[in-house]
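Below: one structure, written as structure tokens.
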Amino acid sequence: MDQQLEQVSVDIQKIVYKKAMLHACKYSTEDVIGILIGQINDNNINIVDAYPLFHSRVSLNILEVSLDIISSELQSDRKIIGIYEARANSRGIMSEIAQEMLNNINQKQAILMRISQIEVDDNLVLNAKIVSLNENIKYVINSSSTLEWKIIQDCLKAGLHWKIIDFDAHFENVQLNFRNQYLE
């Protein structure tokens, strides 16, 4: 007997695509990882922000500090609901640190946004795909990352990807703002 999949509606704000994809573009030869912020209500998920975390080796101590800082700044109706990851090798295999982070989010609807290159009309573009880690949940996305790519292209032309600050950069120089509000 086939089990009925639980459908979960997912809204992703443009700022999420901007931050995650520009982070992936800035460090295109390295794996990048960041967290997704949002709200989960019944069968609806609203991803409202993203924080770029790392583009190089991740230590668990620095990860813990970065998550504590972000969590302390969140509005009461928002929480860490998932991660995004772009793998430089494009194998589509989740990194061990991404798996560990998702396990620690501790909710059945934890989100993984996988960023990769795809071909659209003979051009390579970045695509953000929400991957279900729970075999009983099917995500229904209410936006298209290939359409959002057009917004990202304008940001790239303006060189905004070079301005993205992740926690790696912030820990090297605490004057650098990891929140990337200039994109909003």
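Labeling convention for the structure tokens: chains A, B, ... as they appear, residues from 1 per chain, ligands from 1 in order of appearance.
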
Stretch 37-120 of chain A residues near stretch 14-31 of chain A within 8 Å, closest pair each, using only C-alpha atoms, as JSON lines:
{"residue": "A:Ile47", "atom": "CA", "partner": "A:Val16", "partner_atom": "CA", "distance": 7.3}
{"residue": "A:Val48", "atom": "CA", "partner": "A:Val16", "partner_atom": "CA", "distance": 6.5}
{"residue": "A:Asp49", "atom": "CA", "partner": "A:Val16", "partner_atom": "CA", "distance": 5.0}
{"residue": "A:Ala50", "atom": "CA", "partner": "A:Val16", "partner_atom": "CA", "distance": 5.1}
{"residue": "A:Tyr51", "atom": "CA", "partner": "A:Lys19", "partner_atom": "CA", "distance": 7.2}
{"residue": "A:Pro52", "atom": "CA", "partner": "A:His23", "partner_atom": "CA", "distance": 6.6}
{"residue": "A:His55", "atom": "CA", "partner": "A:Asp31", "partner_atom": "CA", "distance": 5.7}
{"residue": "A:Ser56", "atom": "CA", "partner": "A:Glu30", "partner_atom": "CA", "distance": 6.9}
{"residue": "A:Tyr84", "atom": "CA", "partner": "A:Ala20", "partner_atom": "CA", "distance": 7.0}
{"residue": "A:Glu85", "atom": "CA", "partner": "A:Asp31", "partner_atom": "CA", "distance": 7.4}
{"residue": "A:Ala86", "atom": "CA", "partner": "A:Asp31", "partner_atom": "CA", "distance": 5.7}
{"residue": "A:Arg87", "atom": "CA", "partner": "A:Asp31", "partner_atom": "CA", "distance": 4.5}
{"residue": "A:Ala88", "atom": "CA", "partner": "A:Asp31", "partner_atom": "CA", "distance": 5.0}
{"residue": "A:Asn89", "atom": "CA", "partner": "A:Asp31", "partner_atom": "CA", "distance": 7.9}
{"residue": "A:Ile115", "atom": "CA", "partner": "A:Met21", "partner_atom": "CA", "distance": 7.3}

Output file for the residues above (C-alpha atoms, as an mmCIF file, in the first residue's frame):
data_model
loop_
_atom_site.group_PDB
_atom_site.id
_atom_site.type_symbol
_atom_site.label_atom_id
_atom_site.label_comp_id
_atom_site.auth_asym_id
_atom_site.auth_seq_id
_atom_site.Cartn_x
_atom_site.Cartn_y
_atom_site.Cartn_z
ATOM 1 C CA ILE A 47 12.093 31.120 4.109
ATOM 2 C CA VAL A 48 12.730 34.822 4.742
ATOM 3 C CA ASP A 49 16.498 35.206 5.042
ATOM 4 C CA ALA A 50 19.830 33.471 4.638
ATOM 5 C CA TYR A 51 23.138 33.918 6.400
ATOM 6 C CA PRO A 52 26.309 32.926 4.512
ATOM 7 C CA HIS A 55 33.582 28.893 2.217
ATOM 8 C CA SER A 56 36.457 26.958 3.660
ATOM 9 C CA TYR A 84 21.900 25.925 1.832
ATOM 10 C CA GLU A 85 24.913 24.319 0.281
ATOM 11 C CA ALA A 86 26.796 24.678 -2.984
ATOM 12 C CA ARG A 87 29.393 22.028 -3.658
ATOM 13 C CA ALA A 88 32.283 23.030 -5.913
ATOM 14 C CA ASN A 89 32.574 19.486 -7.236
ATOM 15 C CA ILE A 115 22.670 25.172 -5.299
#

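Of note, atom CA of A:Lys138 and atom CA of A:Asn43 are spaced 10.3 Å apart.
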
Exercise for the section: Could you give me, as a PyMOL selection string, each residue of chain A that DSSP assigns to helix (DSSP H, G or I) when run on this structure's backbone? Expected result: chain A and resi 14-26+60-73+96-105+145-157+160-163+167-172+181-183

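Computed from the coordinates, the atom CA of A:Gln13 to atom CA of A:Ile141 distance equals 11.3 Å.
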
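The shell of residues at most 6 Å from A:Val140, with only C-alpha atoms counted and near chain neighbours (fewer than 5 positions) removed, consists of Val8, Ser9 and Val10 of chain A.
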
Handout entry: Between atom CA of A:Leu74 and atom CA of A:Gly38, distance in Å (one decimal)
Key = 9.6 Å

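Distances from A:Leu112, A:Leu183, A:Met101, A:Leu5 to A:Asp154 were compared using only C-alpha atoms, and the smallest one belongs to A:Leu183.
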
Handout entry: Neighbour list for stretch 65-68 of chain A as a PyMOL selection string, cut-off 9 Å, only C-alpha atoms, skip fewer than 5 positions in-chain
Key = chain A and resi 35+53+60+73+80+167

Export N, CA and C atoms of the chosen residues as a CSV table (one decimal), in the first residue's frame?
chain,number,residue,atom,x,y,z
A,35,ILE,N,23.0,29.3,6.4
A,35,ILE,CA,21.7,28.8,7.0
A,35,ILE,C,20.5,29.6,6.5
A,53,LEU,N,27.6,31.3,5.8
A,53,LEU,CA,28.5,30.9,6.9
A,53,LEU,C,29.9,30.7,6.5
A,60,LEU,N,33.8,23.0,14.3
A,60,LEU,CA,32.6,22.9,15.1
A,60,LEU,C,32.5,24.0,16.1
A,73,GLU,N,20.0,37.0,17.5
A,73,GLU,CA,19.5,38.2,16.8
A,73,GLU,C,18.1,38.0,16.2
A,80,ILE,N,16.1,29.2,12.8
A,80,ILE,CA,16.9,28.5,11.8
A,80,ILE,C,16.1,27.3,11.4
A,167,PHE,N,30.7,34.2,7.5
A,167,PHE,CA,31.3,34.1,8.8
A,167,PHE,C,32.8,33.9,8.8

Which polymer residues have any atom within 12 Å of an atom of A:Asn104, counting only C-alpha atoms, with same-chain residues fewer than 4 positions away left out, as a PDB file with all heavy atoms, in the first residue's frame?
ATOM      1  N   LEU A  63      31.382  27.087  14.099  1.00  0.00           N
ATOM      2  CA  LEU A  63      29.993  26.864  13.698  1.00  0.00           C
ATOM      3  C   LEU A  63      29.057  27.142  14.872  1.00  0.00           C
ATOM      4  O   LEU A  63      28.063  27.850  14.721  1.00  0.00           O
ATOM      5  CB  LEU A  63      29.801  25.428  13.199  1.00  0.00           C
ATOM      6  CG  LEU A  63      28.370  25.019  12.883  1.00  0.00           C
ATOM      7  CD1 LEU A  63      27.785  25.883  11.778  1.00  0.00           C
ATOM      8  CD2 LEU A  63      28.317  23.548  12.513  1.00  0.00           C
ATOM      9  N   GLU A  64      29.383  26.616  16.020  1.00  0.00           N
ATOM     10  CA  GLU A  64      28.541  26.816  17.200  1.00  0.00           C
ATOM     11  C   GLU A  64      28.439  28.302  17.560  1.00  0.00           C
ATOM     12  O   GLU A  64      27.349  28.806  17.841  1.00  0.00           O
ATOM     13  CB  GLU A  64      29.116  26.017  18.368  1.00  0.00           C
ATOM     14  CG  GLU A  64      28.211  25.972  19.574  1.00  0.00           C
ATOM     15  CD  GLU A  64      28.767  25.049  20.644  1.00  0.00           C
ATOM     16  OE1 GLU A  64      29.157  23.912  20.321  1.00  0.00           O
ATOM     17  OE2 GLU A  64      28.801  25.488  21.811  1.00  0.00           O
ATOM     18  N   LEU A  67      26.212  30.143  14.936  1.00  0.00           N
ATOM     19  CA  LEU A  67      24.788  29.840  15.114  1.00  0.00           C
ATOM     20  C   LEU A  67      24.221  30.503  16.366  1.00  0.00           C
ATOM     21  O   LEU A  67      23.079  30.975  16.370  1.00  0.00           O
ATOM     22  CB  LEU A  67      24.562  28.332  15.146  1.00  0.00           C
ATOM     23  CG  LEU A  67      24.876  27.592  13.842  1.00  0.00           C
ATOM     24  CD1 LEU A  67      24.671  26.098  14.013  1.00  0.00           C
ATOM     25  CD2 LEU A  67      24.069  28.127  12.685  1.00  0.00           C
ATOM     26  N   ILE A  80      16.076  29.232  12.830  1.00  0.00           N
ATOM     27  CA  ILE A  80      16.890  28.526  11.844  1.00  0.00           C
ATOM     28  C   ILE A  80      16.089  27.307  11.412  1.00  0.00           C
ATOM     29  O   ILE A  80      15.745  26.467  12.241  1.00  0.00           O
ATOM     30  CB  ILE A  80      18.251  28.121  12.431  1.00  0.00           C
ATOM     31  CG1 ILE A  80      19.048  29.363  12.818  1.00  0.00           C
ATOM     32  CG2 ILE A  80      19.020  27.251  11.439  1.00  0.00           C
ATOM     33  CD1 ILE A  80      20.309  29.077  13.600  1.00  0.00           C
ATOM     34  N   ILE A  81      15.781  27.242  10.106  1.00  0.00           N
ATOM     35  CA  ILE A  81      14.943  26.140   9.634  1.00  0.00           C
ATOM     36  C   ILE A  81      15.645  25.235   8.626  1.00  0.00           C
ATOM     37  O   ILE A  81      15.075  24.251   8.186  1.00  0.00           O
ATOM     38  CB  ILE A  81      13.623  26.655   9.024  1.00  0.00           C
ATOM     39  CG1 ILE A  81      13.882  27.566   7.828  1.00  0.00           C
ATOM     40  CG2 ILE A  81      12.785  27.350  10.078  1.00  0.00           C
ATOM     41  CD1 ILE A  81      12.629  27.913   7.054  1.00  0.00           C
ATOM     42  N   GLY A  82      16.875  25.595   8.262  1.00  0.00           N
ATOM     43  CA  GLY A  82      17.577  24.744   7.309  1.00  0.00           C
ATOM     44  C   GLY A  82      18.903  25.340   6.898  1.00  0.00           C
ATOM     45  O   GLY A  82      19.388  26.301   7.497  1.00  0.00           O
ATOM     46  N   ILE A  83      19.462  24.763   5.862  1.00  0.00           N
ATOM     47  CA  ILE A  83      20.750  25.221   5.346  1.00  0.00           C
ATOM     48  C   ILE A  83      20.700  25.287   3.824  1.00  0.00           C
ATOM     49  O   ILE A  83      19.832  24.691   3.184  1.00  0.00           O
ATOM     50  CB  ILE A  83      21.905  24.285   5.766  1.00  0.00           C
ATOM     51  CG1 ILE A  83      21.748  22.906   5.117  1.00  0.00           C
ATOM     52  CG2 ILE A  83      22.005  24.172   7.270  1.00  0.00           C
ATOM     53  CD1 ILE A  83      22.995  22.075   5.181  1.00  0.00           C
ATOM     54  N   ILE A  97      29.302  18.148   7.204  1.00  0.00           N
ATOM     55  CA  ILE A  97      28.928  19.263   8.078  1.00  0.00           C
ATOM     56  C   ILE A  97      27.474  19.671   7.820  1.00  0.00           C
ATOM     57  O   ILE A  97      26.743  19.995   8.753  1.00  0.00           O
ATOM     58  CB  ILE A  97      29.899  20.458   7.946  1.00  0.00           C
ATOM     59  CG1 ILE A  97      29.687  21.456   9.082  1.00  0.00           C
ATOM     60  CG2 ILE A  97      29.756  21.152   6.613  1.00  0.00           C
ATOM     61  CD1 ILE A  97      30.133  20.977  10.423  1.00  0.00           C
ATOM     62  N   ALA A  98      27.030  19.631   6.563  1.00  0.00           N
ATOM     63  CA  ALA A  98      25.631  19.951   6.254  1.00  0.00           C
ATOM     64  C   ALA A  98      24.709  18.941   6.917  1.00  0.00           C
ATOM     65  O   ALA A  98      23.688  19.321   7.506  1.00  0.00           O
ATOM     66  CB  ALA A  98      25.409  19.965   4.743  1.00  0.00           C
ATOM     67  N   GLN A  99      25.065  17.681   6.847  1.00  0.00           N
ATOM     68  CA  GLN A  99      24.251  16.645   7.483  1.00  0.00           C
ATOM     69  C   GLN A  99      24.184  16.856   8.989  1.00  0.00           C
ATOM     70  O   GLN A  99      23.125  16.762   9.597  1.00  0.00           O
ATOM     71  CB  GLN A  99      24.804  15.251   7.159  1.00  0.00           C
ATOM     72  CG  GLN A  99      23.956  14.129   7.711  1.00  0.00           C
ATOM     73  CD  GLN A  99      22.580  14.081   7.076  1.00  0.00           C
ATOM     74  OE1 GLN A  99      22.447  14.004   5.874  1.00  0.00           O
ATOM     75  NE2 GLN A  99      21.540  14.153   7.899  1.00  0.00           N
ATOM     76  N   GLU A 100      25.312  17.170   9.587  1.00  0.00           N
ATOM     77  CA  GLU A 100      25.358  17.405  11.032  1.00  0.00           C
ATOM     78  C   GLU A 100      24.505  18.620  11.413  1.00  0.00           C
ATOM     79  O   GLU A 100      23.770  18.591  12.399  1.00  0.00           O
ATOM     80  CB  GLU A 100      26.813  17.613  11.484  1.00  0.00           C
ATOM     81  CG  GLU A 100      26.977  17.771  12.963  1.00  0.00           C
ATOM     82  CD  GLU A 100      26.637  16.517  13.751  1.00  0.00           C
ATOM     83  OE1 GLU A 100      26.760  15.416  13.217  1.00  0.00           O
ATOM     84  OE2 GLU A 100      26.222  16.668  14.915  1.00  0.00           O
ATOM     85  N   LYS A 108      11.227  17.912  11.849  1.00  0.00           N
ATOM     86  CA  LYS A 108      10.989  16.967  10.768  1.00  0.00           C
ATOM     87  C   LYS A 108      11.004  17.639   9.394  1.00  0.00           C
ATOM     88  O   LYS A 108      11.192  16.989   8.389  1.00  0.00           O
ATOM     89  CB  LYS A 108       9.688  16.208  10.978  1.00  0.00           C
ATOM     90  CG  LYS A 108       8.427  16.996  10.697  1.00  0.00           C
ATOM     91  CD  LYS A 108       7.206  16.117  10.745  1.00  0.00           C
ATOM     92  CE  LYS A 108       5.996  16.889  10.268  1.00  0.00           C
ATOM     93  NZ  LYS A 108       4.845  16.090  10.079  1.00  0.00           N
ATOM     94  N   ALA A 110      13.133  20.106   8.339  1.00  0.00           N
ATOM     95  CA  ALA A 110      14.366  20.844   8.076  1.00  0.00           C
ATOM     96  C   ALA A 110      14.612  20.918   6.570  1.00  0.00           C
ATOM     97  O   ALA A 110      14.423  19.949   5.844  1.00  0.00           O
ATOM     98  CB  ALA A 110      15.542  20.176   8.777  1.00  0.00           C
TER      99      ALA A 110
END

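Closest approach to A:Leu156 among A:Leu126, A:Ile137, A:Leu176, A:Val131: A:Leu126, based on only C-alpha atoms.
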
Handout entry: strand (DSSP E or B) per DSSP on the backbone: members of chain A, as a VMD selection string
Key = chain A and resid 6 to 12 32 to 41 44 to 54 79 to 86 111 to 120 123 to 131 137 to 141
